[in-house]
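Reviewing the structure listed below.
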Amino acid sequence: MLLKVVLFGYSRGMISSRALERACCENVTFMALACGQKPDHSTIAAFISSMGEEIGWLFTQVLLVCDEEGLLGGTHFSLDGLKLSSNASKEWSGKFEDLEKKKENLGRKVREAIREHREADKAERKKRDSDRERREERIRRLKRQAERIEKFLSENERKKGASGEEIQSNVTDNESAKMATSHGVIQGYNANALADEKHQVVVHAQVFGDGEDGSHAKPMLEGAKEKLEAIGWREPLKDRRISADSGYYSVKNLEVCKDLGVDAYVPDPQFRKRDVRFADAGRHRRSVDKRKERYKSKKRWFSVEDFKLDDRTGKLICPAGQGLYIRNRNFCTADGYKAIAYQAPKTGCRDCQLRSKCLRKPNTVSRQVHVFYGQRPGSITDEMKQKIDTKEGRRTYSKRLGIIEPVFGNVRACKRMDRFTLRGRIKVNIQWMLYCLVHNIEKVLHFGASYAMAA
Ligand code: SF4
């Protein structure tokens with residue numbers, strides 16, 4: 001009964017438990033679905049949160065119906081991510097040092113508020129009760145906030161990013177992350193979906209607590225493989241076309257595609273620049289993009305062009321006249337680019353007057369420069385670039401937009417499931433799968449062979 005209420009509510013954009021509770025008391029359709037019962041919002045929230053085990057099975061059952069109704073083509077799948085706000089404010093984000101400062105600020109505000117309260121009490125004996133209550137409530141609220149940060153700092157470790165450096169934690173939902181979207185920075189989750197070309201049915205959905213898609217292909221493709229095998233497909237992804245945007249272009253993702261035997265189309269970020277058809281694409285640039293360009297950092301550091309090679313010594317000479325020695329003659333990046341790595345002597349950079357123009361981070365000991373001269377033949381990224389640059393590659397990739405973006409448009413704009421109301425990655429994952437379930441069920445109703453005939 002609760003599942004029916006939740007799915008119907010979600011399909012009408014009611015994603016908060018309180019809205020569903022209200023609907024079960026006021027809306028006749030919800031009353032019928034709830035069999036006249038009036039579930040409490042906490043019961044509804046607890047029900048959704050407890051679906052961790054069942055949601056995968058339920059998703060697979062709906063996928064099976066989609067397959068039986070002939071909605072899965074299985075020729076081309078498209079992968080992408082949608083960044084949705086979590087039930088946490090980005091104001092409660094920061095590195096541990098930032099949160100410590102925030103806590104100290106709150107402590108200072110509490111002390112000031114108490115002092116003001118005492119002075120006001122002394123000065124105005126006949127003060128109205130409401131003012132006194134308001135001040136006391138403010139002190140209690142500030143204390144609660146400071147205690148909340150203190151508790152968080154004592155119970156949690158510093159959050160580390162992919163590079164091992166500390167990234168911002170969030171006091172409310174530490175598994176969500178700050179991520180940039182086209183509408184600004186949000187505190188949220190990166191909700192990924194893999195959709196089939198024929199009717200844009202979602203075959204796998206999963207959320208991630210980071211905005212970078214560079215390592216998401218493995219869990220997404222393995223999840224899709226598992227679900228398609230569960231509905232009876234043999235070798236479901238082998239030799240099938242998979243397209244994803246350039247956010248997924250990474251050695252890690254391309255290797256996963258190769259290991260799983262899929263026919264992947266994942267372009268590098270520069271692929272449009274190589275495509276002659278996009279030579280004058282700039283004329284369509286929206287004014288908003290031009291406005292953004294004004295805010296780009298004007299700061300420029302010395303680049304490799306500012307360093308001159310001394311043929312006699314084989315050293316690179318920096319703008320301050322220091323000679324950079326060769327640290328690695330056979331340097332090679334993960335995607336196959338070869339370079340000679342040079343490094344400046346520590347003593348040279350230590351007291352250099354040009355440090356602020358040369359080193360991006362003030363605590364860097366000495367400058368490194370890589371002079372690129374070629375590419376390792378047959379690298380996996382090189383193969384992908386060649387594949388994308390073919391007529392067939394471009395044609396296949398151009399289908400990506402029409403496969404996956406309608407899913408996100410339907411979920412976010414048409415169904416208004418545009419944020420997550422639960423906290424924690426596991427619960428948010430359940431909610432995202434429910435969103436995609438609503439999308440898939442609607443596909444069955446509109447395009448399923450037996451349902452379409454009945455309609
Ligand atoms: S920081 Fe080091 S490499 Fe850069 S200009 Fe100064 S001495 Fe040269």
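Chain labels follow the order of the structure tokens: the first chain is A, the next B, and so on; residue numbering restarts at 1 in every chain, and ligands are counted from 1 in their shown order.
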Discussion item. Using only C-alpha atoms and all ligand atoms, which residues have at least one atom no more than 12 Å from ligand 1? Output them as a ChimeraX atom specification.
Written reply: /A:301-304,306-308,315-325,342-369
Fill in: Spatial neighbours of Cys257 of chain A, max dist 12 Å, only C-alpha atoms, sep filter under 6 positions, as a list of chain:residue names
A:Ser215, A:His216, A:Ala217, A:Lys218, A:Pro219, A:Met220, A:Leu221, A:Glu222, A:Leu237, A:Lys238, A:Asp239, A:Arg240, A:Arg241, A:Ile242, A:Ser243, A:Ala244, A:Tyr248, A:Tyr249, A:Ser250, A:Val251, A:Asp263, A:Ala264, A:Tyr265, A:Val266, A:Ile380, A:Thr381, A:Met384
Worksheet item: Do you know which residues are at most 12 Å from Met14 of chain A counting only C-alpha atoms, after dropping those on the same chain fewer than 3 positions away, and could you put them as a ChimeraX atom specification?
Response: /A:5-11,17-24,30,415-421,435
Worksheet entry | Residue set, segment 159-376 of chain A restricted to helix (DSSP H, G or I), as an NGL selection string | :A and (217-230 or 246-248 or 251-260 or 271-274 or 276-278 or 281-284 or 287-294 or 304-306 or 346-350 or 355-358)
Item to complete: Excluding Glu166 of chain A and any residue of its chain fewer than 4 positions from it, enumerate the residues within 12 Å of it, using only C-alpha atoms, and give them as a list of chain:residue names.
Response: A:Gly94, A:Lys95, A:Phe96, A:Glu97, A:Asp98, A:Glu157, A:Arg158, A:Lys159, A:Lys160, A:Gly161, A:Ala162
Include C-alpha atoms and write out the residues we just selected as a PDB file, in the first residue's frame.
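New file again_7.pdb:
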```
ATOM      1  CA  GLY A  94      33.820  23.326   4.696  1.00  0.00           C
ATOM      2  CA  LYS A  95      37.187  21.837   5.454  1.00  0.00           C
ATOM      3  CA  PHE A  96      37.810  21.040   9.105  1.00  0.00           C
ATOM      4  CA  GLU A  97      39.630  24.351   9.624  1.00  0.00           C
ATOM      5  CA  ASP A  98      36.642  26.261   8.168  1.00  0.00           C
ATOM      6  CA  GLU A 157      37.413  12.062   9.827  1.00  0.00           C
ATOM      7  CA  ARG A 158      38.582  14.640   7.315  1.00  0.00           C
ATOM      8  CA  LYS A 159      37.065  13.906   3.892  1.00  0.00           C
ATOM      9  CA  LYS A 160      39.641  13.163   1.174  1.00  0.00           C
ATOM     10  CA  GLY A 161      39.246  13.693  -2.565  1.00  0.00           C
ATOM     11  CA  ALA A 162      40.526  11.525  -5.431  1.00  0.00           C
TER      12      ALA A 162
END
```
Surrounding residues of Gly107 of chain A excluding itself and chain neighbours under 6 positions, 12 Å, only C-alpha atoms, as an mmCIF file with N, CA and C atoms, in the first residue's frame:
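The resulting file, part_12.cif, is reproduced below:
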```cif
data_model
loop_
_atom_site.group_PDB
_atom_site.id
_atom_site.type_symbol
_atom_site.label_atom_id
_atom_site.label_comp_id
_atom_site.auth_asym_id
_atom_site.auth_seq_id
_atom_site.Cartn_x
_atom_site.Cartn_y
_atom_site.Cartn_z
ATOM 1 N N GLU A 100 35.942 24.638 12.144
ATOM 2 C CA GLU A 100 36.442 25.097 13.459
ATOM 3 C C GLU A 100 36.188 26.589 13.610
ATOM 4 N N LYS A 101 36.489 27.347 12.525
ATOM 5 C CA LYS A 101 36.301 28.803 12.570
ATOM 6 C C LYS A 101 34.827 29.136 12.753
ATOM 7 N N ALA A 113 25.549 37.573 22.636
ATOM 8 C CA ALA A 113 24.096 37.547 22.839
ATOM 9 C C ALA A 113 23.781 37.480 24.339
ATOM 10 N N ILE A 114 24.584 36.691 25.093
ATOM 11 C CA ILE A 114 24.343 36.578 26.538
ATOM 12 C C ILE A 114 24.606 37.936 27.215
ATOM 13 N N ILE A 139 19.866 32.592 21.708
ATOM 14 C CA ILE A 139 21.042 32.033 22.402
ATOM 15 C C ILE A 139 21.004 30.503 22.318
ATOM 16 N N ARG A 140 19.814 29.949 22.549
ATOM 17 C CA ARG A 140 19.697 28.479 22.489
ATOM 18 C C ARG A 140 20.025 27.970 21.090
ATOM 19 N N ARG A 141 19.539 28.700 20.052
ATOM 20 C CA ARG A 141 19.770 28.262 18.666
ATOM 21 C C ARG A 141 21.260 28.306 18.310
ATOM 22 N N LEU A 142 21.916 29.388 18.712
ATOM 23 C CA LEU A 142 23.356 29.513 18.416
ATOM 24 C C LEU A 142 24.151 28.418 19.134
ATOM 25 N N LYS A 143 23.755 28.129 20.373
ATOM 26 C CA LYS A 143 24.453 27.074 21.135
ATOM 27 C C LYS A 143 24.278 25.715 20.462
ATOM 28 N N ARG A 144 23.045 25.478 20.018
ATOM 29 C CA ARG A 144 22.757 24.192 19.342
ATOM 30 C C ARG A 144 23.619 24.045 18.094
ATOM 31 N N GLN A 145 23.747 25.131 17.334
ATOM 32 C CA GLN A 145 24.533 25.080 16.089
ATOM 33 C C GLN A 145 26.011 24.815 16.390
ATOM 34 N N ALA A 146 26.530 25.491 17.433
ATOM 35 C CA ALA A 146 27.950 25.294 17.794
ATOM 36 C C ALA A 146 28.178 23.862 18.262
ATOM 37 N N GLU A 147 27.252 23.331 19.043
ATOM 38 C CA GLU A 147 27.381 21.951 19.540
ATOM 39 C C GLU A 147 27.328 20.943 18.392
ATOM 40 N N ARG A 148 26.483 21.278 17.426
ATOM 41 C CA ARG A 148 26.336 20.381 16.257
ATOM 42 C C ARG A 148 27.663 20.273 15.496
ATOM 43 N N ILE A 149 28.333 21.394 15.303
ATOM 44 C CA ILE A 149 29.616 21.379 14.591
ATOM 45 C C ILE A 149 30.660 20.633 15.436
ATOM 46 N N GLU A 150 30.651 20.893 16.737
ATOM 47 C CA GLU A 150 31.627 20.239 17.629
ATOM 48 C C GLU A 150 31.455 18.716 17.581
#
```
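The protein and nucleic acid residues lying at most 10 Å from Ala88 of chain A are A:Asn170, A:Val171, A:Thr172, A:Asp173, A:Asn174, A:Ser176, A:Ala177, A:Ile186, A:Gln187, A:Gly188, A:Phe420, A:Thr421, A:Leu422, A:Arg423, with only C-alpha atoms considered and sequence neighbours fewer than 6 positions away removed.
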Residues just named, written with N, CA and C atoms as a PDB file, in the first residue's frame:
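Wrote it out as again-v5.pdb, contents follow:
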```pdb
ATOM      1  N   ASN A 170      30.444  18.068   4.930  1.00  0.00           N
ATOM      2  CA  ASN A 170      29.169  18.745   5.193  1.00  0.00           C
ATOM      3  C   ASN A 170      28.592  18.209   6.496  1.00  0.00           C
ATOM      4  N   VAL A 171      28.236  19.124   7.370  1.00  0.00           N
ATOM      5  CA  VAL A 171      27.785  18.731   8.709  1.00  0.00           C
ATOM      6  C   VAL A 171      26.452  17.984   8.642  1.00  0.00           C
ATOM      7  N   THR A 172      25.574  18.366   7.722  1.00  0.00           N
ATOM      8  CA  THR A 172      24.243  17.753   7.659  1.00  0.00           C
ATOM      9  C   THR A 172      24.272  16.407   6.940  1.00  0.00           C
ATOM     10  N   ASP A 173      24.863  16.356   5.755  1.00  0.00           N
ATOM     11  CA  ASP A 173      24.944  15.098   5.003  1.00  0.00           C
ATOM     12  C   ASP A 173      26.357  15.007   4.419  1.00  0.00           C
ATOM     13  N   ASN A 174      27.187  14.308   5.151  1.00  0.00           N
ATOM     14  CA  ASN A 174      28.611  14.298   4.779  1.00  0.00           C
ATOM     15  C   ASN A 174      28.907  13.468   3.530  1.00  0.00           C
ATOM     16  N   SER A 176      27.098  13.800   0.773  1.00  0.00           N
ATOM     17  CA  SER A 176      26.838  14.657  -0.390  1.00  0.00           C
ATOM     18  C   SER A 176      28.057  15.543  -0.593  1.00  0.00           C
ATOM     19  N   ALA A 177      28.091  16.254  -1.718  1.00  0.00           N
ATOM     20  CA  ALA A 177      29.270  17.085  -1.997  1.00  0.00           C
ATOM     21  C   ALA A 177      28.852  18.374  -2.679  1.00  0.00           C
ATOM     22  N   ILE A 186      25.894  23.655  -6.120  1.00  0.00           N
ATOM     23  CA  ILE A 186      24.879  23.084  -5.215  1.00  0.00           C
ATOM     24  C   ILE A 186      25.553  22.113  -4.252  1.00  0.00           C
ATOM     25  N   GLN A 187      24.860  21.829  -3.161  1.00  0.00           N
ATOM     26  CA  GLN A 187      25.268  20.736  -2.274  1.00  0.00           C
ATOM     27  C   GLN A 187      24.369  19.583  -2.674  1.00  0.00           C
ATOM     28  N   GLY A 188      24.924  18.526  -3.214  1.00  0.00           N
ATOM     29  CA  GLY A 188      24.030  17.489  -3.710  1.00  0.00           C
ATOM     30  C   GLY A 188      24.711  16.186  -4.049  1.00  0.00           C
ATOM     31  N   PHE A 420      16.620  15.771  -3.618  1.00  0.00           N
ATOM     32  CA  PHE A 420      16.475  14.602  -2.739  1.00  0.00           C
ATOM     33  C   PHE A 420      16.030  15.085  -1.370  1.00  0.00           C
ATOM     34  N   THR A 421      15.094  14.346  -0.781  1.00  0.00           N
ATOM     35  CA  THR A 421      14.595  14.771   0.534  1.00  0.00           C
ATOM     36  C   THR A 421      15.197  13.935   1.659  1.00  0.00           C
ATOM     37  N   LEU A 422      15.862  12.823   1.315  1.00  0.00           N
ATOM     38  CA  LEU A 422      16.463  11.980   2.353  1.00  0.00           C
ATOM     39  C   LEU A 422      17.943  12.323   2.484  1.00  0.00           C
ATOM     40  N   ARG A 423      18.575  11.794   3.526  1.00  0.00           N
ATOM     41  CA  ARG A 423      19.996  12.078   3.756  1.00  0.00           C
ATOM     42  C   ARG A 423      20.793  10.785   3.831  1.00  0.00           C
TER      43      ARG A 423
END
```
